[in-house]
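Here is structure.csv, consisting of CSV, C-alpha atoms:
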```csv
chain,number,residue,atom,x,y,z
A,1,MET,CA,-30.6,5.9,15.6
A,2,ASN,CA,-29.8,8.2,12.6
A,3,LYS,CA,-27.7,7.3,9.7
A,4,ARG,CA,-24.7,9.2,10.8
A,5,ASN,CA,-24.6,7.3,14.1
A,6,ILE,CA,-25.1,4.0,12.3
A,7,ILE,CA,-22.2,4.8,10.0
A,8,LEU,CA,-20.0,5.8,13.0
A,9,ASP,CA,-20.8,2.6,14.8
A,10,ILE,CA,-19.9,0.5,11.7
A,11,ILE,CA,-16.7,2.4,11.2
A,12,ARG,CA,-15.7,1.8,14.8
A,13,SER,CA,-16.1,-2.0,14.4
A,14,PRO,CA,-12.9,-4.0,14.7
A,15,GLU,CA,-13.1,-5.2,11.1
A,16,ILE,CA,-13.4,-1.8,9.6
A,17,LYS,CA,-10.8,-0.3,11.9
A,18,ARG,CA,-8.4,-3.0,10.7
A,19,ILE,CA,-9.2,-2.2,7.0
A,20,LEU,CA,-8.5,1.5,7.7
A,21,GLU,CA,-5.3,0.8,9.7
A,22,LEU,CA,-3.9,-1.2,6.8
A,23,LYS,CA,-4.9,1.6,4.5
A,24,MET,CA,-6.8,-0.9,2.3
A,25,ALA,CA,-9.6,1.7,1.9
A,26,THR,CA,-10.0,5.3,2.9
A,27,THR,CA,-12.5,6.4,5.5
A,28,SER,CA,-14.4,8.4,2.8
A,29,THR,CA,-14.7,5.3,0.6
A,30,VAL,CA,-15.9,3.1,3.5
A,31,THR,CA,-18.3,5.8,4.6
A,32,ARG,CA,-19.7,6.3,1.1
A,33,LEU,CA,-20.3,2.6,0.6
A,34,ILE,CA,-22.0,2.2,4.0
A,35,ALA,CA,-24.2,5.3,3.3
A,36,GLU,CA,-25.1,3.9,-0.1
A,37,GLU,CA,-26.0,0.5,1.5
A,38,LEU,CA,-28.2,2.2,4.1
A,39,ASN,CA,-30.0,4.2,1.5
A,40,GLU,CA,-30.6,1.1,-0.7
A,41,GLN,CA,-31.8,-0.9,2.2
A,42,GLN,CA,-34.6,1.6,2.8
A,43,ILE,CA,-35.7,1.0,-0.8
A,44,ASP,CA,-34.8,-2.7,-1.0
A,45,PRO,CA,-34.5,-4.6,2.3
A,46,GLU,CA,-32.2,-7.1,0.7
A,47,GLY,CA,-29.7,-4.3,0.1
A,48,THR,CA,-27.2,-4.0,-2.7
A,49,ASP,CA,-23.8,-5.4,-3.5
A,50,ASN,CA,-21.9,-2.6,-1.8
A,51,ILE,CA,-20.3,-5.1,0.6
A,52,GLU,CA,-19.0,-7.0,-2.4
A,53,LYS,CA,-17.8,-3.7,-3.9
A,54,LEU,CA,-15.9,-3.0,-0.7
A,55,GLU,CA,-14.4,-6.4,-0.6
A,56,ASP,CA,-13.3,-6.1,-4.3
A,57,TYR,CA,-11.8,-2.7,-3.6
A,58,ILE,CA,-9.9,-4.0,-0.6
A,59,GLU,CA,-8.6,-6.9,-2.7
A,60,VAL,CA,-7.4,-4.5,-5.4
A,61,ARG,CA,-5.7,-2.2,-2.9
A,62,ALA,CA,-4.1,-5.2,-1.2
A,63,ASP,CA,-2.5,-6.2,-4.5
A,64,ASP,CA,-1.0,-2.7,-5.0
```
Would you mind writing the file's structure down as C-alpha cells?
Amino acid sequence: MNKRNIILDIIRSPEIKRILELKMATTSTVTRLIAEELNEQQIDPEGTDNIEKLEDYIEVRADD
C-alpha cells in the first residue's frame, strides 16, 4: 500500500473523522502530521512525536 492510500485510510478512521467534524484540526494539518510520521517511521521504526503534536494541537484548538 502506498503512502497516499495509508493516509486516506487513517483519515477515514472514526477518530480522525470526529476531529475533522469538530474542526479541531484541518485536513491539511492531519495529513501533514500523518505524512511526517510515515516518513520518520521509515528512518526510525519507533516513529516520532507527531501523535503528541496532533494531540497538543487539538487541545489548543479545543480551548479556542
- CA of Glu40 in chain A and CA of Glu21 in chain A, how far apart in Å?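 These atoms are spaced 27.4 Å apart.
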note - CA of Asn2 in chain A and CA of Glu55 in chain A are separated by 25.0 Å
task = Could you give me, as a list in words, the residues that sit within 9 Å of (-15.0, 0.1, 2.4) in the file's coordinates, counting only C-alpha atoms?
result =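 Final list of nearby residues, as requested, is Ile16, Ile19, Leu20, Met24, Ala25, Thr26, Thr27, Ser28, Thr29, Val30, Thr31, Arg32, Leu33, Ile34, Asn50, Ile51, Lys53, Leu54, Glu55, Tyr57 and Ile58 of chain A.
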Q. Quick one: residues within 9 Å of Lys3 in chain A, all atoms listed in the file counted, chain neighbours fewer than 5 positions away excluded, as a list in words?
A.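 So the residues in contact are Leu8, Ala35 and Leu38 of chain A.
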Expected file contents, prior selection, C-alpha atoms, as a PDB file, in the coordinates of the input:
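This went into part_0.pdb:
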```
ATOM      1  CA  LEU A   8     -20.000   5.800  13.000  1.00  0.00           C
ATOM      2  CA  ALA A  35     -24.200   5.300   3.300  1.00  0.00           C
ATOM      3  CA  LEU A  38     -28.200   2.200   4.100  1.00  0.00           C
TER       4      LEU A  38
END
```
CA of Ile6 in chain A to CA of Arg18 in chain A: how many Å, to one decimal?
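Distance reported for this atom pair: 18.2 Å.
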